[in-house]
file final_18.tsv (TSV, C-alpha atoms)
chain	number	residue	atom	x	y	z
A	1	MET	CA	0.00	0.00	0.00
A	2	ALA	CA	2.78	2.44	0.93
A	3	ARG	CA	4.55	2.01	-2.41
A	4	LYS	CA	1.33	2.37	-4.42
A	5	LEU	CA	0.63	5.67	-2.68
A	6	GLY	CA	4.16	6.90	-3.31
A	7	ILE	CA	4.93	6.90	0.41
A	8	ALA	CA	8.39	5.78	1.45
A	9	ALA	CA	8.22	2.59	3.49
A	10	PRO	CA	9.28	3.29	7.08
A	11	ARG	CA	12.60	1.96	8.29
A	12	ARG	CA	12.14	-1.15	10.40
A	13	PRO	CA	13.00	-0.41	14.03
A	14	ALA	CA	15.76	-2.31	15.73
A	15	VAL	CA	14.82	-5.32	17.81
A	16	GLY	CA	13.50	-4.14	21.17
A	17	GLN	CA	12.94	-0.57	19.97
A	18	THR	CA	9.18	-0.99	19.78
A	19	GLU	CA	8.85	-2.87	23.06
A	20	GLY	CA	6.51	-0.84	25.27
A	21	MET	CA	5.93	1.50	22.31
A	22	ASP	CA	3.32	-0.62	20.47
A	23	SER	CA	1.24	-1.07	23.63
A	24	SER	CA	1.00	2.68	24.20
A	25	LEU	CA	0.75	3.92	20.59
A	26	GLY	CA	-2.94	3.08	20.26
A	27	ALA	CA	-3.75	4.71	23.59
A	28	ASN	CA	-1.83	7.83	22.53
A	29	ILE	CA	-3.73	8.06	19.22
A	30	ARG	CA	-7.04	7.77	21.02
A	31	ARG	CA	-6.04	10.32	23.67
A	32	GLU	CA	-5.06	12.92	21.07
A	33	ARG	CA	-8.19	12.24	18.97
A	34	GLU	CA	-10.44	12.72	21.99
A	35	ARG	CA	-8.51	15.86	22.94
A	36	LEU	CA	-9.65	17.35	19.61
A	37	GLY	CA	-13.18	16.03	20.03
A	38	TRP	CA	-13.05	14.02	16.81
A	39	SER	CA	-14.74	10.78	15.89
A	40	GLN	CA	-12.69	7.92	14.43
A	41	GLY	CA	-14.23	8.70	11.02
A	42	ARG	CA	-13.15	12.35	11.27
A	43	LEU	CA	-9.59	11.30	12.12
A	44	ALA	CA	-9.53	8.93	9.12
A	45	ARG	CA	-10.49	11.81	6.81
A	46	GLU	CA	-7.93	14.15	8.35
A	47	VAL	CA	-5.16	11.54	7.91
A	48	CYS	CA	-6.00	11.19	4.20
A	49	ARG	CA	-6.06	14.96	3.83
A	50	ALA	CA	-2.65	15.25	5.54
A	51	ALA	CA	-1.25	12.61	3.16
A	52	GLY	CA	-2.67	14.51	0.15
A	53	ILE	CA	-4.71	11.51	-0.96
A	54	ALA	CA	-8.17	11.74	-2.50
A	55	GLY	CA	-10.74	9.14	-1.60
A	56	ALA	CA	-10.76	7.13	1.59
A	57	PRO	CA	-7.91	4.58	1.71
A	58	VAL	CA	-8.10	4.95	5.50
A	59	GLY	CA	-11.51	4.54	7.09
A	60	ARG	CA	-13.04	4.50	10.55
A	61	GLN	CA	-12.38	0.77	11.02
A	62	GLU	CA	-8.68	1.24	10.28
A	63	VAL	CA	-8.43	3.95	12.92
A	64	SER	CA	-10.22	1.63	15.35
A	65	ARG	CA	-7.65	-1.09	14.65
A	66	TRP	CA	-4.82	1.38	15.32
A	67	GLU	CA	-6.32	2.45	18.63
A	68	THR	CA	-6.91	-1.09	19.84
A	69	GLY	CA	-3.44	-2.23	18.79
A	70	LYS	CA	-4.73	-4.77	16.27
A	71	ARG	CA	-2.83	-3.03	13.51
A	72	LYS	CA	0.05	-0.55	13.44
A	73	PRO	CA	-0.12	2.72	11.46
A	74	ARG	CA	3.44	2.25	10.14
A	75	ALA	CA	3.64	4.44	7.01
A	76	TRP	CA	0.64	6.48	8.13
A	77	LEU	CA	2.30	7.56	11.37
A	78	PRO	CA	3.72	10.95	10.17
A	79	PHE	CA	0.36	11.85	8.66
A	80	LEU	CA	-1.41	10.80	11.85
A	81	ALA	CA	0.84	13.17	13.77
A	82	THR	CA	0.17	15.99	11.27
A	83	ALA	CA	-3.58	15.43	11.47
A	84	LEU	CA	-3.54	15.34	15.27
A	85	ARG	CA	-1.23	18.41	15.37
A	86	VAL	CA	1.41	16.79	17.56
A	87	PRO	CA	5.01	15.61	16.94
A	88	VAL	CA	5.47	11.94	16.09
A	89	ASP	CA	7.32	11.50	19.39
A	90	VAL	CA	4.15	12.30	21.31
A	91	LEU	CA	2.42	9.34	19.69
A	92	LEU	CA	5.38	7.03	20.30
A	93	GLU	CA	6.07	7.99	23.91
A	94	CYS	CA	5.64	5.35	26.57
A	95	PRO	CA	3.74	6.57	29.62
A	96	GLU	CA	5.57	6.65	32.92
A	97	PRO	CA	4.65	3.63	35.03
A	98	ALA	CA	1.95	4.55	37.50
A	99	GLU	CA	3.45	5.24	40.90
A	100	PRO	CA	1.78	3.55	43.83
A	101	PRO	CA	-0.11	5.95	46.07
A	102	PRO	CA	2.03	7.38	48.87
A	103	PRO	CA	1.66	5.53	52.16
A	104	ALA	CA	-0.74	6.85	54.76
A	105	LEU	CA	-0.32	6.87	58.50
A	106	THR	CA	-2.62	3.86	58.89
A	107	ASP	CA	-0.18	1.79	56.80
A	108	TYR	CA	2.22	1.83	59.76
A	109	LEU	CA	-0.15	0.67	62.48
A	110	PRO	CA	0.87	-2.58	64.23
A	111	GLU	CA	-0.88	-5.80	63.30
A	112	GLY	CA	-3.75	-6.72	65.55
A	113	ASP	CA	-4.76	-4.51	68.47
A	114	PRO	CA	-2.03	-4.32	71.14
A	115	LEU	CA	-4.35	-2.23	73.30
A	116	ALA	CA	-7.35	-4.56	73.24
A	117	PRO	CA	-8.91	-4.71	76.72
A	118	LEU	CA	-8.70	-8.08	78.46
A	119	MET	CA	-11.80	-10.26	78.15
A	120	THR	CA	-11.85	-10.63	81.91
A	121	ARG	CA	-11.08	-7.37	83.69
A	122	ARG	CA	-10.12	-7.05	87.30
A	123	GLY	CA	-12.64	-4.26	87.60
A	124	ARG	CA	-10.32	-1.51	88.87
A	125	ARG	CA	-12.00	1.82	88.41
A	126	VAL	CA	-9.72	4.33	86.65
A	127	GLY	CA	-10.55	7.98	87.26
A	128	ALA	CA	-9.29	11.26	85.85
A	129	GLU	CA	-6.83	11.65	88.72
A	130	ALA	CA	-5.04	8.40	87.83
A	131	VAL	CA	-4.71	9.50	84.21
A	132	ARG	CA	-3.37	12.92	85.23
A	133	ASP	CA	-0.73	11.07	87.21
A	134	VAL	CA	0.29	9.15	84.05
A	135	HIS	CA	0.55	12.41	82.10
A	136	GLN	CA	2.76	13.90	84.83
A	137	ARG	CA	5.10	10.89	84.69
A	138	VAL	CA	5.30	11.30	80.89
A	139	HIS	CA	6.36	14.91	81.28
A	140	GLY	CA	8.88	13.89	83.94
A	141	LEU	CA	10.47	11.47	81.50
A	142	ARG	CA	10.70	14.20	78.86
A	143	LEU	CA	12.46	16.56	81.24
A	144	ALA	CA	14.81	13.77	82.34
A	145	ASP	CA	15.62	13.02	78.69
A	146	ASP	CA	16.84	16.60	78.31
A	147	VAL	CA	19.75	15.90	80.66
A	148	LEU	CA	20.12	12.11	80.73
A	149	ALA	CA	20.80	9.61	77.95
A	150	GLY	CA	18.89	6.59	76.70
A	151	GLY	CA	21.00	4.04	78.51
A	152	ASP	CA	20.10	5.67	81.84
A	153	LEU	CA	16.37	6.01	81.17
A	154	LEU	CA	15.40	2.96	79.13
A	155	ARG	CA	14.29	0.66	81.93
A	156	PRO	CA	12.15	3.21	83.83
A	157	ALA	CA	10.61	4.44	80.56
A	158	LEU	CA	9.54	0.95	79.47
A	159	ARG	CA	8.30	0.19	82.97
A	160	GLU	CA	6.06	3.27	82.89
A	161	LEU	CA	4.73	2.32	79.46
A	162	ARG	CA	3.90	-1.25	80.52
A	163	SER	CA	2.12	0.08	83.60
A	164	ALA	CA	-0.01	2.49	81.54
A	165	VAL	CA	-0.95	-0.20	79.00
A	166	ARG	CA	-1.91	-2.57	81.82
A	167	LEU	CA	-4.07	0.16	83.34
A	168	PHE	CA	-5.87	0.59	80.02
A	169	ARG	CA	-6.39	-3.12	79.39
A	170	GLU	CA	-7.51	-4.10	82.88
A	171	GLY	CA	-9.33	-1.01	84.13
A	172	GLU	CA	-12.84	0.36	83.81
A	173	TYR	CA	-13.38	4.01	82.92
A	174	THR	CA	-15.65	6.55	81.31
A	175	GLU	CA	-15.19	7.53	77.66
A	176	PRO	CA	-13.41	10.85	78.44
A	177	VAL	CA	-11.01	9.04	80.75
A	178	ARG	CA	-10.43	6.41	78.08
A	179	GLN	CA	-9.49	9.06	75.51
A	180	SER	CA	-7.14	10.81	77.91
A	181	LEU	CA	-5.49	7.50	78.88
A	182	LEU	CA	-4.96	6.59	75.23
A	183	ARG	CA	-3.25	9.93	74.62
A	184	ALA	CA	-1.07	9.38	77.69
A	185	ILE	CA	-0.04	5.96	76.34
A	186	GLY	CA	0.74	7.52	72.96
A	187	GLU	CA	2.91	10.20	74.56
A	188	LEU	CA	4.62	7.63	76.78
A	189	ALA	CA	5.33	5.50	73.73
A	190	GLN	CA	6.87	8.46	71.89
A	191	ILE	CA	9.33	9.34	74.65
A	192	ALA	CA	10.03	5.67	75.48
A	193	GLY	CA	10.67	4.96	71.79
A	194	TRP	CA	12.97	7.97	71.58
A	195	ILE	CA	14.88	6.78	74.65
A	196	ALA	CA	15.16	3.23	73.28
A	197	SER	CA	16.45	4.58	69.97
A	198	ASP	CA	19.03	6.71	71.77
A	199	ALA	CA	20.17	3.59	73.63
A	200	GLY	CA	20.64	1.77	70.30
A	201	GLN	CA	17.61	-0.52	70.85
A	202	HIS	CA	16.09	0.19	67.44
A	203	ALA	CA	13.82	-2.85	67.13
A	204	GLU	CA	12.37	-2.16	70.58
A	205	ALA	CA	11.96	1.51	69.70
A	206	GLU	CA	10.02	0.67	66.54
A	207	ARG	CA	7.73	-1.71	68.41
A	208	VAL	CA	7.02	0.98	71.00
A	209	TYR	CA	6.46	3.69	68.40
A	210	ARG	CA	3.91	1.53	66.58
A	211	LEU	CA	2.10	0.77	69.83
A	212	GLY	CA	1.87	4.49	70.51
A	213	LEU	CA	0.69	5.10	66.96
A	214	SER	CA	-2.17	2.66	67.57
A	215	ALA	CA	-3.10	4.49	70.80
A	216	ALA	CA	-3.03	7.91	69.13
A	217	GLN	CA	-5.05	6.70	66.16
A	218	THR	CA	-7.64	5.08	68.43
A	219	ALA	CA	-7.89	8.34	70.39
A	220	GLY	CA	-8.35	10.31	67.17
A	221	ASP	CA	-5.32	12.49	67.95
A	222	SER	CA	-3.73	13.14	64.56
A	223	THR	CA	-1.12	15.53	65.96
A	224	LEU	CA	0.19	12.90	68.37
A	225	ALA	CA	0.04	10.24	65.64
A	226	GLY	CA	2.13	12.48	63.40
A	227	ASN	CA	4.69	12.95	66.16
A	228	LEU	CA	5.01	9.19	66.67
A	229	LEU	CA	5.28	8.36	62.99
A	230	GLY	CA	7.73	11.24	62.49
A	231	SER	CA	9.87	9.89	65.32
A	232	LEU	CA	9.89	6.45	63.72
A	233	ALA	CA	10.73	8.06	60.37
A	234	TYR	CA	13.68	9.83	61.97
A	235	GLN	CA	15.01	6.55	63.35
A	236	ARG	CA	14.60	4.76	60.00
A	237	THR	CA	16.40	7.59	58.21
A	238	ASN	CA	19.28	7.55	60.67
A	239	THR	CA	19.71	3.78	60.62
A	240	GLY	CA	20.14	3.51	56.85
A	241	ASP	CA	16.59	2.90	55.59
A	242	VAL	CA	16.41	6.36	54.01
A	243	ARG	CA	13.73	5.55	51.44
A	244	GLU	CA	11.30	4.20	54.04
A	245	GLY	CA	12.18	6.99	56.44
A	246	ARG	CA	11.39	9.59	53.81
A	247	MET	CA	8.01	8.01	53.05
A	248	MET	CA	7.16	7.81	56.75
A	249	ALA	CA	8.14	11.45	57.31
A	250	ARG	CA	5.94	12.59	54.42
A	251	ALA	CA	3.04	10.44	55.65
A	252	ALA	CA	3.36	12.00	59.10
A	253	TRP	CA	3.30	15.47	57.56
A	254	GLU	CA	0.35	14.74	55.27
A	255	ASN	CA	-1.62	13.31	58.20
A	256	ALA	CA	-1.19	16.40	60.37
A	257	ARG	CA	-1.54	19.41	58.09
A	258	ASP	CA	-4.10	20.87	60.53
A	259	ALA	CA	-1.77	20.40	63.52
A	260	PRO	CA	-0.56	23.39	65.59
A	261	PRO	CA	2.25	25.45	64.02
A	262	ARG	CA	5.09	24.03	66.12
A	263	ALA	CA	3.97	20.47	65.35
A	264	ARG	CA	3.95	21.20	61.61
A	265	ALA	CA	7.41	22.76	61.90
A	266	LEU	CA	8.69	19.62	63.64
A	267	TYR	CA	7.22	17.26	61.03
A	268	LEU	CA	8.62	19.36	58.18
A	269	ASP	CA	12.04	19.32	59.81
A	270	ARG	CA	11.97	15.52	59.69
A	271	VAL	CA	10.96	15.63	56.04
A	272	ALA	CA	13.90	17.98	55.37
A	273	TRP	CA	16.32	15.63	57.11
A	274	ALA	CA	15.09	12.56	55.23
A	275	CYS	CA	15.38	14.41	51.92
A	276	ALA	CA	18.90	15.56	52.79
A	277	LYS	CA	19.95	12.00	53.61
A	278	ALA	CA	18.47	10.93	50.26
A	279	GLY	CA	20.52	13.60	48.47
A	280	GLU	CA	17.42	15.59	47.45
A	281	ALA	CA	18.83	19.06	48.06
A	282	GLN	CA	15.98	21.15	46.64
A	283	ALA	CA	13.30	19.18	48.48
A	284	ALA	CA	15.28	19.42	51.73
A	285	VAL	CA	15.76	23.19	51.49
A	286	ARG	CA	12.11	23.68	50.53
A	287	ALA	CA	10.96	21.70	53.59
A	288	LEU	CA	13.25	23.80	55.81
A	289	GLY	CA	11.64	26.96	54.48
A	290	GLU	CA	8.16	25.59	55.08
A	291	ALA	CA	9.15	24.62	58.63
A	292	SER	CA	10.26	28.19	59.36
A	293	GLU	CA	7.02	29.55	57.92
A	294	ALA	CA	5.01	27.19	60.10
A	295	LEU	CA	6.91	28.24	63.23
A	296	GLU	CA	6.26	31.92	62.48
A	297	GLU	CA	2.53	31.20	62.88
A	298	HIS	CA	3.04	30.06	66.49
A	299	GLY	CA	1.58	32.31	69.13
A	300	GLY	CA	-0.97	31.66	71.83
A	301	GLU	CA	-2.75	28.70	70.23
A	302	GLU	CA	-3.67	25.58	72.19
A	303	GLU	CA	-1.07	22.87	71.66
A	304	PRO	CA	0.23	19.68	73.30
A	305	GLY	CA	2.83	20.10	76.03
A	306	TYR	CA	5.36	17.86	74.26
A	307	LEU	CA	6.06	20.63	71.74
A	308	TYR	CA	7.73	22.81	74.39
A	309	TRP	CA	11.22	22.32	72.93
A	310	VAL	CA	10.43	23.23	69.31
A	311	ASP	CA	11.76	26.74	68.73
A	312	ALA	CA	13.82	28.77	66.27
A	313	GLY	CA	17.07	27.45	67.76
A	314	GLU	CA	16.08	23.84	67.15
A	315	LEU	CA	15.09	24.67	63.58
A	316	HIS	CA	18.45	26.36	63.05
A	317	VAL	CA	20.18	23.21	64.29
A	318	MET	CA	18.28	21.07	61.79
A	319	GLU	CA	18.98	23.61	59.05
A	320	ALA	CA	22.69	23.41	59.83
A	321	ARG	CA	22.57	19.60	59.90
A	322	VAL	CA	20.86	19.53	56.51
A	323	TYR	CA	23.47	21.86	55.02
A	324	THR	CA	26.24	19.75	56.54
A	325	GLU	CA	24.73	16.59	55.04
A	326	LEU	CA	24.54	18.38	51.68
A	327	ARG	CA	28.21	19.41	52.03
A	328	ARG	CA	27.51	23.14	52.25
A	329	PRO	CA	29.70	24.13	55.21
A	330	LEU	CA	29.59	27.87	54.54
A	331	ARG	CA	25.88	27.75	55.41
A	332	ALA	CA	26.19	25.21	58.24
A	333	VAL	CA	29.10	26.56	60.31
A	334	PRO	CA	27.67	30.03	61.18
A	335	LEU	CA	24.31	28.52	62.12
A	336	LEU	CA	25.85	25.92	64.42
A	337	ARG	CA	28.21	28.39	66.07
A	338	ASP	CA	25.34	30.76	66.77
A	339	VAL	CA	23.16	28.05	68.34
A	340	LEU	CA	26.00	26.52	70.35
A	341	SER	CA	26.97	29.91	71.77
A	342	ARG	CA	23.59	30.02	73.51
A	343	TYR	CA	23.02	26.32	74.23
A	344	ASP	CA	22.38	24.98	77.73
A	345	ALA	CA	25.55	23.17	78.76
A	346	THR	CA	23.58	20.82	81.03
A	347	HIS	CA	22.12	19.13	77.94
A	348	THR	CA	25.30	17.13	77.44
A	349	ARG	CA	24.05	14.69	74.83
A	350	GLU	CA	22.59	17.34	72.53
A	351	LEU	CA	25.68	19.48	72.98
A	352	ALA	CA	27.89	16.58	71.88
A	353	LEU	CA	25.64	15.82	68.92
A	354	TYR	CA	25.54	19.43	67.71
A	355	LEU	CA	29.30	19.78	68.12
A	356	SER	CA	29.74	16.63	66.00
A	357	TRP	CA	27.94	18.31	63.13
A	358	LEU	CA	30.10	21.40	63.55
A	359	ALA	CA	33.27	19.26	63.44
A	360	VAL	CA	32.17	17.64	60.17
A	361	ALA	CA	31.20	20.99	58.66
A	362	LEU	CA	34.59	22.46	59.62
A	363	ALA	CA	36.33	19.52	57.96
A	364	ASP	CA	34.24	20.09	54.84
A	365	ALA	CA	35.30	23.75	54.97
A	366	ASN	CA	38.94	22.61	54.96
A	367	GLU	CA	39.55	23.77	58.53
A	368	PRO	CA	41.07	20.59	59.99
A	369	GLU	CA	42.67	22.25	63.02
A	370	GLU	CA	39.36	23.67	64.23
A	371	ALA	CA	37.61	20.44	63.32
A	372	ALA	CA	40.08	18.47	65.48
A	373	ALA	CA	39.56	20.80	68.46
A	374	THR	CA	35.79	20.49	68.14
A	375	ALA	CA	36.03	16.71	67.72
A	376	GLU	CA	38.01	16.48	70.94
A	377	ARG	CA	35.11	18.15	72.79
A	378	VAL	CA	32.68	15.70	71.15
A	379	ILE	CA	34.69	12.71	72.34
A	380	THR	CA	35.08	14.09	75.87
A	381	LEU	CA	31.35	14.77	76.19
A	382	SER	CA	30.38	11.44	74.60
A	383	SER	CA	32.40	9.49	77.15
A	384	ASP	CA	30.16	10.83	79.93
A	385	VAL	CA	26.75	9.89	78.46
A	386	ALA	CA	25.18	6.47	77.85
A	387	SER	CA	23.97	7.38	74.37
A	388	GLU	CA	24.50	5.21	71.33
A	389	ARG	CA	23.79	8.18	69.08
A	390	THR	CA	26.63	10.26	70.46
A	391	ALA	CA	28.99	7.29	70.23
A	392	GLU	CA	28.05	6.80	66.58
A	393	ARG	CA	28.47	10.49	65.82
A	394	ALA	CA	31.93	10.48	67.43
A	395	GLY	CA	32.84	7.65	65.07
A	396	VAL	CA	31.54	9.61	62.08
A	397	VAL	CA	33.64	12.63	63.05
A	398	LEU	CA	36.83	10.58	63.45
A	399	ALA	CA	36.26	8.89	60.09
A	400	ARG	CA	35.84	12.29	58.44
A	401	LEU	CA	39.11	13.52	59.97
A	402	GLU	CA	41.11	10.59	58.57
A	403	GLU	CA	41.51	12.60	55.37
A	404	PHE	CA	43.57	15.14	57.35
A	405	ARG	CA	45.79	12.70	59.22
A	406	ASP	CA	48.90	14.61	58.09
A	407	VAL	CA	47.76	17.69	60.01
A	408	PRO	CA	49.51	17.62	63.42
A	409	GLU	CA	46.39	18.44	65.47
A	410	VAL	CA	44.37	15.75	63.71
A	411	ARG	CA	47.15	13.17	63.94
A	412	SER	CA	47.50	13.83	67.68
A	413	LEU	CA	43.76	13.39	68.25
A	414	LEU	CA	43.58	10.16	66.26
A	415	ARG	CA	46.51	8.75	68.21
A	416	GLN	CA	44.88	9.60	71.52
A	417	VAL	CA	41.66	7.90	70.51
A	418	ALA	CA	43.51	4.85	69.19

call {"tool": "encode", "arguments": {"input": "final_18.tsv", "output": "structure tokens"}}
result
Amino acid sequence: MARKLGIAAPRRPAVGQTEGMDSSLGANIRRERERLGWSQGRLAREVCRAAGIAGAPVGRQEVSRWETGKRKPRAWLPFLATALRVPVDVLLECPEPAEPPPPALTDYLPEGDPLAPLMTRRGRRVGAEAVRDVHQRVHGLRLADDVLAGGDLLRPALRELRSAVRLFREGEYTEPVRQSLLRAIGELAQIAGWIASDAGQHAEAERVYRLGLSAAQTAGDSTLAGNLLGSLAYQRTNTGDVREGRMMARAAWENARDAPPRARALYLDRVAWACAKAGEAQAAVRALGEASEALEEHGGEEEPGYLYWVDAGELHVMEARVYTELRRPLRAVPLLRDVLSRYDATHTRELALYLSWLAVALADANEPEEAAATAERVITLSSDVASERTAERAGVVLARLEEFRDVPEVRSLLRQVA
């Protein structure tokens, strides 16, 4: 047919060139035809007109065969493109594979119901006073975590959590008390999971986080659920599962868009960190900017007590960490120095962690002498706290300084540590 019409026969594609192309070509023809609002008969006439052919060598049935993949247009392809007013490449393009929907918070709930009440209860009546006592113990653990490390707090934190869960499963209470107790369990799980993670007990931390997530979800507290999932995301990101950590962080953020400003800032910070660890610089910087914007909205609104520590200084620390991870020391060093100049020296673990980022940023800035002096402070502080995180960060700093072993200050530090 092509030769009779005076049309050059198309060159045969190489083997494999049409794989994936043939399956999408028909769908592309139909999509473009429907975009123009044409019938198959109208397209057949337009193809003949584009080819400069009188009569109807192409009819509606032929177009139907093209669209269903029963026949390929071959020599008619350039005229199809002309008729449809698109480049040939548009008709040949293979659609991107459909991405699965992003995970939601409910995808991370534990299997079964770890908070299911016992079939046979002991009948202890739980009142509001007992639940207030649980909330006070939660806050006490948070304040203790500011100055103590995970290794010191793990056992009492897990003991408190088990006690609260037992109270929920075995007690009898009104609906308001039930909701408050569930929130207390969720908050206990968040701080206990954080403490377990700091102690290097990552599997235990994940189990606890998911238990808390179940409690928060059952209580209908999306802000608390976002905090728990964001905490788990942070652990996953820091332990090497960056892809899963990033998805968890985004799910936490998507779930709590109506949360108070400081909560949104915290969740966005975790998104920024996960993106930085994944090497997604633009996404990380964008999330940092959104976190700052969220924090600027804070002022007088009702919010959970566990957000007390989220402030501009903490956001600056995360900003500096992100820039350090992205190897942008000129942005990171001034931020870290400013925060550290005002940081509470009693918070030994955080001080050691923040100094570790400064040491790495100084090394990236080709300031090995200052990096070595800062690293020495990190190691001294780390030796006094039972925190797996600070120990790991000290190792990261020393590994980064190996590049500068010929510098006397660095060589001296490495020898001391060895």

call {"tool": "atom_distance", "arguments": {"input": "final_18.tsv", "atom1": "CA of Arg342 (chain A)", "atom2": "CA of Val317 (chain A)"}}
result
12.0 Å

call {"tool": "atom_distance", "arguments": {"input": "final_18.tsv", "atom1": "CA of Leu148 (chain A)", "atom2": "CA of Thr346 (chain A)"}}
result
9.4 Å

call {"tool": "atom_distance", "arguments": {"input": "final_18.tsv", "atom1": "CA of Val58 (chain A)", "atom2": "CA of Pro73 (chain A)"}}
result
10.2 Å

call {"tool": "closest_residue", "arguments": {"input": "final_18.tsv", "among": "A:Leu398, A:Leu92, A:Leu167, A:Ala386", "to": "Thr374 (chain A)", "atoms": "only C-alpha atoms"}}
result
A:Leu398

call {"tool": "residues_around", "arguments": {"input": "final_18.tsv", "residues": "Gly186 (chain A)", "least_positions_apart": "6", "cutoff": "6 Å", "atoms": "all atoms listed in the file", "output": "list in words"}}
result
Gly212, Ala215 and Ala216 of chain A

call {"tool": "closest_residue", "arguments": {"input": "final_18.tsv", "among": "A:Ala116, A:Cys275, A:Leu153, A:Val410", "to": "Phe168 (chain A)", "atoms": "only C-alpha atoms"}}
result
A:Ala116

call {"tool": "residues_around", "arguments": {"input": "final_18.tsv", "residues": "region 298-300 of chain A", "least_positions_apart": "4", "cutoff": "10 Å", "atoms": "only C-alpha atoms", "output": "count of residues only"}}
result
8

call {"tool": "closest_residue", "arguments": {"input": "final_18.tsv", "among": "A:Ala372, A:Pro329, A:Asp221, A:Ala130", "to": "Ala164 (chain A)", "atoms": "all atoms listed in the file"}}
result
A:Ala130

call {"tool": "residues_around", "arguments": {"input": "final_18.tsv", "residues": "region 375-385 of chain A", "least_positions_apart": "2", "cutoff": "12 Å", "atoms": "all atoms listed in the file", "output": "JSON, numbers by chain"}}
result
{"A": [145, 146, 147, 148, 149, 150, 151, 152, 153, 198, 199, 345, 346, 347, 348, 349, 350, 351, 352, 353, 354, 355, 356, 357, 358, 359, 360, 361, 362, 363, 368, 369, 370, 371, 372, 373, 387, 388, 389, 390, 391, 392, 393, 394, 395, 396, 397, 398, 399, 400, 401, 409, 410, 411, 412, 413, 414, 415, 416, 417]}

call {"tool": "write_last_selection", "arguments": {"input": "final_18.tsv", "atoms": "C-alpha atoms", "output": "mmCIF file, keeping the file's coordinate frame"}}
result
data_model
loop_
_atom_site.group_PDB
_atom_site.id
_atom_site.type_symbol
_atom_site.label_atom_id
_atom_site.label_comp_id
_atom_site.auth_asym_id
_atom_site.auth_seq_id
_atom_site.Cartn_x
_atom_site.Cartn_y
_atom_site.Cartn_z
ATOM 1 C CA ASP A 145 15.620 13.020 78.690
ATOM 2 C CA ASP A 146 16.840 16.600 78.310
ATOM 3 C CA VAL A 147 19.750 15.900 80.660
ATOM 4 C CA LEU A 148 20.120 12.110 80.730
ATOM 5 C CA ALA A 149 20.800 9.610 77.950
ATOM 6 C CA GLY A 150 18.890 6.590 76.700
ATOM 7 C CA GLY A 151 21.000 4.040 78.510
ATOM 8 C CA ASP A 152 20.100 5.670 81.840
ATOM 9 C CA LEU A 153 16.370 6.010 81.170
ATOM 10 C CA ASP A 198 19.030 6.710 71.770
ATOM 11 C CA ALA A 199 20.170 3.590 73.630
ATOM 12 C CA ALA A 345 25.550 23.170 78.760
ATOM 13 C CA THR A 346 23.580 20.820 81.030
ATOM 14 C CA HIS A 347 22.120 19.130 77.940
ATOM 15 C CA THR A 348 25.300 17.130 77.440
ATOM 16 C CA ARG A 349 24.050 14.690 74.830
ATOM 17 C CA GLU A 350 22.590 17.340 72.530
ATOM 18 C CA LEU A 351 25.680 19.480 72.980
ATOM 19 C CA ALA A 352 27.890 16.580 71.880
ATOM 20 C CA LEU A 353 25.640 15.820 68.920
ATOM 21 C CA TYR A 354 25.540 19.430 67.710
ATOM 22 C CA LEU A 355 29.300 19.780 68.120
ATOM 23 C CA SER A 356 29.740 16.630 66.000
ATOM 24 C CA TRP A 357 27.940 18.310 63.130
ATOM 25 C CA LEU A 358 30.100 21.400 63.550
ATOM 26 C CA ALA A 359 33.270 19.260 63.440
ATOM 27 C CA VAL A 360 32.170 17.640 60.170
ATOM 28 C CA ALA A 361 31.200 20.990 58.660
ATOM 29 C CA LEU A 362 34.590 22.460 59.620
ATOM 30 C CA ALA A 363 36.330 19.520 57.960
ATOM 31 C CA PRO A 368 41.070 20.590 59.990
ATOM 32 C CA GLU A 369 42.670 22.250 63.020
ATOM 33 C CA GLU A 370 39.360 23.670 64.230
ATOM 34 C CA ALA A 371 37.610 20.440 63.320
ATOM 35 C CA ALA A 372 40.080 18.470 65.480
ATOM 36 C CA ALA A 373 39.560 20.800 68.460
ATOM 37 C CA SER A 387 23.970 7.380 74.370
ATOM 38 C CA GLU A 388 24.500 5.210 71.330
ATOM 39 C CA ARG A 389 23.790 8.180 69.080
ATOM 40 C CA THR A 390 26.630 10.260 70.460
ATOM 41 C CA ALA A 391 28.990 7.290 70.230
ATOM 42 C CA GLU A 392 28.050 6.800 66.580
ATOM 43 C CA ARG A 393 28.470 10.490 65.820
ATOM 44 C CA ALA A 394 31.930 10.480 67.430
ATOM 45 C CA GLY A 395 32.840 7.650 65.070
ATOM 46 C CA VAL A 396 31.540 9.610 62.080
ATOM 47 C CA VAL A 397 33.640 12.630 63.050
ATOM 48 C CA LEU A 398 36.830 10.580 63.450
ATOM 49 C CA ALA A 399 36.260 8.890 60.090
ATOM 50 C CA ARG A 400 35.840 12.290 58.440
ATOM 51 C CA LEU A 401 39.110 13.520 59.970
ATOM 52 C CA GLU A 409 46.390 18.440 65.470
ATOM 53 C CA VAL A 410 44.370 15.750 63.710
ATOM 54 C CA ARG A 411 47.150 13.170 63.940
ATOM 55 C CA SER A 412 47.500 13.830 67.680
ATOM 56 C CA LEU A 413 43.760 13.390 68.250
ATOM 57 C CA LEU A 414 43.580 10.160 66.260
ATOM 58 C CA ARG A 415 46.510 8.750 68.210
ATOM 59 C CA GLN A 416 44.880 9.600 71.520
ATOM 60 C CA VAL A 417 41.660 7.900 70.510
#

call {"tool": "residues_around", "arguments": {"input": "final_18.tsv", "residues": "Arg183 (chain A)", "least_positions_apart": "2", "cutoff": "10 Å", "atoms": "all atoms listed in the file", "output": "PyMOL selection string"}}
result
chain A and resi 131+135+177-181+185-189+212-213+215-221+224-225
